[in-house]
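Student: I'd like to ask you about the structure that follows.
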Amino acid sequence: MGNVTTPAIPSRWELAAETIAVKIRWFGLIVGYVLINVAGRGDANQLLLNGILALGLIYALTDTYYSLRGRVFLGRYPLTISAMEALFIGLLCYFDGGLESSFRYYYLLSLICCAIRHSTQVTYATWALHCASYAALYTALPPDERRPLALALMLVVLGWVTWASDALARLLKGVGEHLAQLNVALRENQAHLEARIAERTRELQESQAQVLHQEKMAAFGLLAAGIAHEVGNPLTSISSLVQMLQRRDCDDYAREKLSLVSGQLQRIQTTLRELINFSRPASSERTHVALHEIIAEALNIAKYYKRTKSRVLERHIPEDLPPLHGVRDQLVQVFLNLILNAVDATENGGKIAIHAEQHRGRLRVAVRDNGTGIDPGCAGRVFQPYFTTKKHGTGLGLFVTRKLVTDHGGTVTFESKAGDGTVFWVELPCLELAPDQGTQGEELQIENCKLKIAN
């Protein structure tokens with residue numbers, strides 16, 4: 001019955017309509033065989049009618065095969081299919097009773113299928129072909145078998161079915177398209193909602209990471225202050241006793257040993273002062289700070305990390321670089337995090353180099369190590385909170401570093417090759433040099449000093 005045209009890649013609607021048409025076509029063939037071979041209709045032309053139905057069976061098998069493969073047989077030629085169906089139905093009616101043949105209802109099934117699967121123009125063109133087929137059947141019959149009233153009534157019924165099925169099909173197609181649009185909008189909203197949830201989750205993780213880091217630093221500050229206080233008091237007493245002993249008359253051996261003890265006590269006092277300075281409450285006041293002082297303070301703190309003692313640190317920081325405008329403690333923390341990260345990335349005897357230069361109105365600092373490098377699979381997660389490849393790491397160092405650099409209007413990036421080390425680049429805005437320092441800024445004297453921190 002009503003076959004349809006479809007494009008090279010049928011839509012979901014067209015494939016659904018094709019499935020309906022295939023079922024209707026098989027229903028019509030089964031009913032036809034029953035009428036001819038069981039109900040006793042068309043006994044005189046039974047063999048001929050079975051032959052016509054056999055052609056319909058071949059077409060139904062072919063159409064079913066294409067439908068199962070997600071295609072439409074002769075889908076590009078709907079009017080050709082309509083003409084074939086008009087001829088097929090007309091022949092069945094001619095050899096099975098003429099105008100009153102039961103096969104005349106196949107015209108209606110064909111129009112319904114055509115309306116479901118095709119445009120209004122194709123549907124009405126099919127109606128015209130079916131009317132022509134039925135009119136040709138009327139003229140082919142003997143005069144005594146022609147019934148004008150049956151012809152007129154059938155043409156009216158064909159027109160009414162065409163109009164009704166076309167209206168219903170357009171309604172169904174409109175609803176289907178509307179539902180498809182709603183489905184697309186729903187998927188877009190779902191994707192948008194998932195993206196917003198992911199963004200909020202990321203922001204929440206970052207906020208939690210900042211709070212955790214602040215609590216950790218506060219706890220460390222309290223611990224450091226407590227240790228400095230508890231150690232400082234007996235240390236002062238010991239230092240006083242040593243000074244008293246040094247004032248007494250004693251031999252050279254005792255004087256030498258007391259001098260060594262005094263030197264070590266002085267070293268411990270220096271360490272305690274640095275510990276107290278590092279643990280003091282952080283200030284958020286922005287001031288003009290020199291980059292070489294920031295790096296020096298970060299290195300001075302890093303030397304107390306036990307793994308640093310077996311590393312070689314090189315510093316190449318020009319002292320006459322333009323100053324930065326920022327929070328001193330936060331900038332110290334930025335470079336301390338990067339230095340400690342480089343220390344952990346290298347083995348004993350590893351090399352860590354810190355370079356700085358002025359580049360396009362900004363200060364650019366490179367912290368380079370010759371460690372194992374960063375796994376390419378982890379590169380996209382380096383700055384995420386709680387991500388770490390260390391056994392005892394918290395995954396907050398680089399995250400906090402990027403946050404602090406961003407707050408100062410700068411950027412932090414990195415380059416890494418497996419087995420060839422890693423370099424982190426920090427770029428920060430700097431203050432303009434005074435006019436009388438303009439020429440000096442082009443001829444910076446770079447300090448090259450190797451710091452091998454021994455036990």
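In the structure tokens, chains take the letters A, B, ... in the order shown, each chain's residues start at 1, and ligands count up from 1 in the order shown.
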Using only C-alpha atoms, which protein or nucleic acid residues come within 10 Å of A:Tyr138? Drop anything in the same chain fewer than 4 positions from it, and give the result as an mmCIF file with N, CA and C atoms, in the first residue's frame.

Tutor:
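Output below, filename selection-v1.cif:
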data_model
loop_
_atom_site.group_PDB
_atom_site.id
_atom_site.type_symbol
_atom_site.label_atom_id
_atom_site.label_comp_id
_atom_site.auth_asym_id
_atom_site.auth_seq_id
_atom_site.Cartn_x
_atom_site.Cartn_y
_atom_site.Cartn_z
ATOM 1 N N GLY A 90 -6.234 -1.363 -8.998
ATOM 2 C CA GLY A 90 -7.201 -1.359 -10.107
ATOM 3 C C GLY A 90 -7.332 -2.725 -10.746
ATOM 4 N N TYR A 94 -10.608 -5.078 -10.941
ATOM 5 C CA TYR A 94 -11.150 -5.441 -12.259
ATOM 6 C C TYR A 94 -11.439 -6.935 -12.344
ATOM 7 N N GLY A 98 -15.194 -5.803 -10.087
ATOM 8 C CA GLY A 98 -15.359 -4.446 -10.584
ATOM 9 C C GLY A 98 -15.472 -3.415 -9.475
ATOM 10 N N LEU A 99 -16.483 -2.507 -9.645
ATOM 11 C CA LEU A 99 -16.613 -1.387 -8.724
ATOM 12 C C LEU A 99 -16.955 -1.809 -7.300
ATOM 13 N N ALA A 132 -8.079 8.452 -10.741
ATOM 14 C CA ALA A 132 -7.929 8.096 -12.147
ATOM 15 C C ALA A 132 -7.985 6.587 -12.327
ATOM 16 N N SER A 133 -7.368 5.834 -11.384
ATOM 17 C CA SER A 133 -7.397 4.372 -11.453
ATOM 18 C C SER A 133 -8.830 3.846 -11.332
ATOM 19 N N TYR A 134 -9.583 4.431 -10.378
ATOM 20 C CA TYR A 134 -10.956 3.947 -10.181
ATOM 21 C C TYR A 134 -11.845 4.356 -11.361
ATOM 22 N N PRO A 142 -17.965 -3.500 -18.672
ATOM 23 C CA PRO A 142 -19.074 -3.483 -19.644
ATOM 24 C C PRO A 142 -20.132 -2.470 -19.216
ATOM 25 N N PRO A 143 -20.873 -1.906 -20.136
ATOM 26 C CA PRO A 143 -21.858 -0.873 -19.790
ATOM 27 C C PRO A 143 -22.879 -1.322 -18.744
ATOM 28 N N GLU A 145 -22.365 -3.126 -16.234
ATOM 29 C CA GLU A 145 -21.794 -3.218 -14.900
ATOM 30 C C GLU A 145 -21.356 -1.860 -14.352
ATOM 31 N N ARG A 146 -21.536 -0.840 -15.127
ATOM 32 C CA ARG A 146 -21.150 0.496 -14.683
ATOM 33 C C ARG A 146 -22.240 1.090 -13.789
ATOM 34 N N ARG A 147 -21.854 1.567 -12.630
ATOM 35 C CA ARG A 147 -22.793 2.175 -11.703
ATOM 36 C C ARG A 147 -22.280 3.577 -11.373
ATOM 37 N N PRO A 148 -22.826 4.606 -11.964
ATOM 38 C CA PRO A 148 -22.358 5.981 -11.735
ATOM 39 C C PRO A 148 -22.406 6.398 -10.264
ATOM 40 N N ALA A 150 -22.022 4.466 -7.614
ATOM 41 C CA ALA A 150 -20.896 3.855 -6.900
ATOM 42 C C ALA A 150 -19.594 4.591 -7.197
ATOM 43 N N LEU A 151 -19.429 4.985 -8.478
ATOM 44 C CA LEU A 151 -18.242 5.747 -8.852
ATOM 45 C C LEU A 151 -18.186 7.075 -8.100
#

Student: Extract, using only C-alpha atoms, all DNA, RNA and protein residues at most 6 Å from A:Gly397, discarding same-chain residues fewer than 2 positions from it, and format them as a list of chain:residue names.

Tutor: A:Asn337, A:Phe399, A:Val400

Student: Using DSSP assignments from the backbone, pull out every residue in stretch 167-347 of chain A that falls under alpha helix (DSSP H) and give it to me as number ranges by chain.

Tutor: A: 167-247, 252-279, 291-302, 328-345

Student: Keeping C-alpha atoms, export the residues of the selection given above as a CSV table (one decimal), in the first residue's frame.

Tutor:
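As written to disk, result00.csv reads:
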chain,number,residue,atom,x,y,z
A,167,ALA,CA,-5.0,16.7,8.5
A,168,LEU,CA,-4.4,14.0,11.1
A,169,ALA,CA,-0.9,13.4,9.7
A,170,ARG,CA,0.0,17.1,9.9
A,171,LEU,CA,-1.3,17.2,13.4
A,172,LEU,CA,0.8,14.2,14.4
A,173,LYS,CA,3.9,15.5,12.6
A,174,GLY,CA,3.5,18.9,14.4
A,175,VAL,CA,3.2,17.2,17.8
A,176,GLY,CA,6.2,15.0,17.0
A,177,GLU,CA,8.3,18.0,15.9
A,178,HIS,CA,7.3,19.9,19.0
A,179,LEU,CA,8.2,17.0,21.2
A,180,ALA,CA,11.5,16.7,19.5
A,181,GLN,CA,12.2,20.4,20.1
A,182,LEU,CA,11.3,20.0,23.7
A,183,ASN,CA,13.5,17.0,24.0
A,184,VAL,CA,16.4,18.9,22.5
A,185,ALA,CA,15.8,21.8,24.8
A,186,LEU,CA,15.6,19.4,27.7
A,187,ARG,CA,18.9,17.9,26.8
A,188,GLU,CA,20.5,21.4,26.5
A,189,ASN,CA,19.1,22.4,29.8
A,190,GLN,CA,20.3,19.2,31.4
A,191,ALA,CA,23.8,19.8,29.9
A,192,HIS,CA,23.7,23.4,31.1
A,193,LEU,CA,22.6,22.3,34.6
A,194,GLU,CA,25.3,19.6,34.8
A,195,ALA,CA,27.9,22.2,33.7
A,196,ARG,CA,26.7,24.6,36.4
A,197,ILE,CA,26.7,21.8,39.0
A,198,ALA,CA,30.3,21.0,38.0
A,199,GLU,CA,31.3,24.6,38.2
A,200,ARG,CA,29.7,25.0,41.7
A,201,THR,CA,31.3,21.8,42.8
A,202,ARG,CA,34.7,23.1,41.6
A,203,GLU,CA,34.2,26.4,43.4
A,204,LEU,CA,33.1,24.6,46.6
A,205,GLN,CA,36.2,22.4,46.4
A,206,GLU,CA,38.4,25.5,45.9
A,207,SER,CA,36.8,27.2,48.9
A,208,GLN,CA,37.2,24.1,51.1
A,209,ALA,CA,40.8,23.9,49.9
A,210,GLN,CA,41.5,27.5,50.9
A,211,VAL,CA,39.8,27.1,54.3
A,212,LEU,CA,41.8,23.9,54.9
A,213,HIS,CA,45.0,25.6,53.9
A,214,GLN,CA,44.3,28.6,56.2
A,215,GLU,CA,43.5,26.3,59.1
A,216,LYS,CA,46.7,24.3,58.4
A,217,MET,CA,48.8,27.4,58.3
A,218,ALA,CA,47.1,28.8,61.5
A,219,ALA,CA,47.8,25.5,63.3
A,220,PHE,CA,51.4,25.5,62.1
A,221,GLY,CA,51.7,29.1,63.3
A,222,LEU,CA,50.5,28.2,66.8
A,223,LEU,CA,52.7,25.2,66.9
A,224,ALA,CA,55.8,27.2,65.8
A,225,ALA,CA,55.1,30.0,68.2
A,226,GLY,CA,54.7,27.5,71.0
A,227,ILE,CA,57.9,25.7,70.2
A,228,ALA,CA,59.8,28.9,69.9
A,229,HIS,CA,58.5,30.1,73.2
A,230,GLU,CA,59.2,26.8,75.0
A,231,VAL,CA,62.7,26.4,73.5
A,232,GLY,CA,63.5,30.1,73.8
A,233,ASN,CA,63.4,30.3,77.5
A,234,PRO,CA,65.8,27.5,78.4
A,235,LEU,CA,68.0,28.6,75.4
A,236,THR,CA,68.3,32.1,77.0
A,237,SER,CA,69.4,30.5,80.3
A,238,ILE,CA,71.9,28.3,78.6
A,239,SER,CA,73.3,31.3,76.6
A,240,SER,CA,73.6,33.3,79.8
A,241,LEU,CA,75.5,30.4,81.6
A,242,VAL,CA,77.9,30.1,78.6
A,243,GLN,CA,78.6,33.8,78.7
A,244,MET,CA,79.3,33.6,82.4
A,245,LEU,CA,81.7,30.8,81.9
A,246,GLN,CA,83.5,32.6,79.1
A,247,ARG,CA,84.2,35.5,81.5
A,252,ASP,CA,92.5,27.5,75.7
A,253,TYR,CA,90.7,24.1,75.2
A,254,ALA,CA,87.7,25.2,77.4
A,255,ARG,CA,87.6,28.6,75.8
A,256,GLU,CA,87.5,27.0,72.3
A,257,LYS,CA,84.7,24.6,73.2
A,258,LEU,CA,82.7,27.4,74.9
A,259,SER,CA,83.1,29.4,71.7
A,260,LEU,CA,81.7,26.6,69.7
A,261,VAL,CA,78.8,26.2,72.0
A,262,SER,CA,78.0,29.9,71.8
A,263,GLY,CA,78.1,29.8,68.0
A,264,GLN,CA,75.7,26.9,67.9
A,265,LEU,CA,73.4,28.6,70.4
A,266,GLN,CA,73.4,31.7,68.1
A,267,ARG,CA,72.5,29.5,65.2
A,268,ILE,CA,69.6,28.0,67.2
A,269,GLN,CA,68.4,31.5,68.1
A,270,THR,CA,68.5,32.6,64.5
A,271,THR,CA,66.4,29.6,63.5
A,272,LEU,CA,63.9,30.4,66.2
A,273,ARG,CA,63.6,34.1,65.0
A,274,GLU,CA,63.0,32.9,61.5
A,275,LEU,CA,60.4,30.4,62.8
A,276,ILE,CA,58.6,33.1,64.7
A,277,ASN,CA,58.7,35.5,61.7
A,278,PHE,CA,57.2,32.8,59.5
A,279,SER,CA,54.5,31.8,62.0
A,291,LEU,CA,61.7,40.3,44.1
A,292,HIS,CA,65.2,39.3,45.2
A,293,GLU,CA,64.2,39.8,48.8
A,294,ILE,CA,61.1,37.6,48.3
A,295,ILE,CA,63.2,34.8,46.7
A,296,ALA,CA,65.9,35.1,49.4
A,297,GLU,CA,63.3,34.7,52.2
A,298,ALA,CA,61.7,31.8,50.5
A,299,LEU,CA,65.1,30.0,50.1
A,300,ASN,CA,65.9,30.8,53.7
A,301,ILE,CA,62.8,29.0,54.9
A,302,ALA,CA,63.2,26.2,52.4
A,328,ARG,CA,54.9,40.1,51.0
A,329,ASP,CA,53.9,37.0,53.0
A,330,GLN,CA,51.8,35.7,50.1
A,331,LEU,CA,54.5,36.2,47.6
A,332,VAL,CA,57.0,34.4,49.8
A,333,GLN,CA,54.5,31.5,50.1
A,334,VAL,CA,54.2,31.4,46.3
A,335,PHE,CA,57.9,30.9,45.7
A,336,LEU,CA,58.3,28.7,48.8
A,337,ASN,CA,55.6,26.3,47.4
A,338,LEU,CA,57.3,26.2,44.0
A,339,ILE,CA,60.8,25.6,45.5
A,340,LEU,CA,59.5,22.8,47.8
A,341,ASN,CA,57.6,21.3,44.9
A,342,ALA,CA,60.9,21.3,42.9
A,343,VAL,CA,62.8,19.7,45.8
A,344,ASP,CA,60.3,16.9,46.0
A,345,ALA,CA,60.5,16.3,42.3

Student: Calculated over only C-alpha atoms, which of the candidates A:Val405, A:Met84, A:Leu91, A:Leu153 has the smallest distance to A:Ser110?

Tutor: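 Result for the nearest residue to A:Ser110: A:Met84.
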
Student: Do you have the atom CA of A:Thr389-atom CA of A:Gly373 distance handy?

Tutor: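 We find that atom CA of A:Thr389 and atom CA of A:Gly373 lie 11.7 Å from each other.
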
Student: Just want the 9 Å neighbourhood of A:Pro376, counted on only C-alpha atoms, with same-chain residues fewer than 6 positions away dropped. Output as a count of residues only.

Tutor: 3

Student: Between atom CA of A:Val423 and atom CA of A:Phe387, what distance in Å does the model show, to one decimal?

Tutor: 18.7 Å

Student: Check the smallest atom-to-atom distance from each of A:Ala21, A:Ala83, A:Ile89, A:Val34 to A:Ile52 using only C-alpha atoms, then report the winner.

Tutor: A:Ile89

Student: At a cut-off of 12 Å, using only C-alpha atoms, what residues contact A:Arg360? Leave out same-chain residues fewer than 5 positions from it and give the result as JSON, numbers by chain.

Tutor: {"A": [427, 428, 429, 430, 432]}
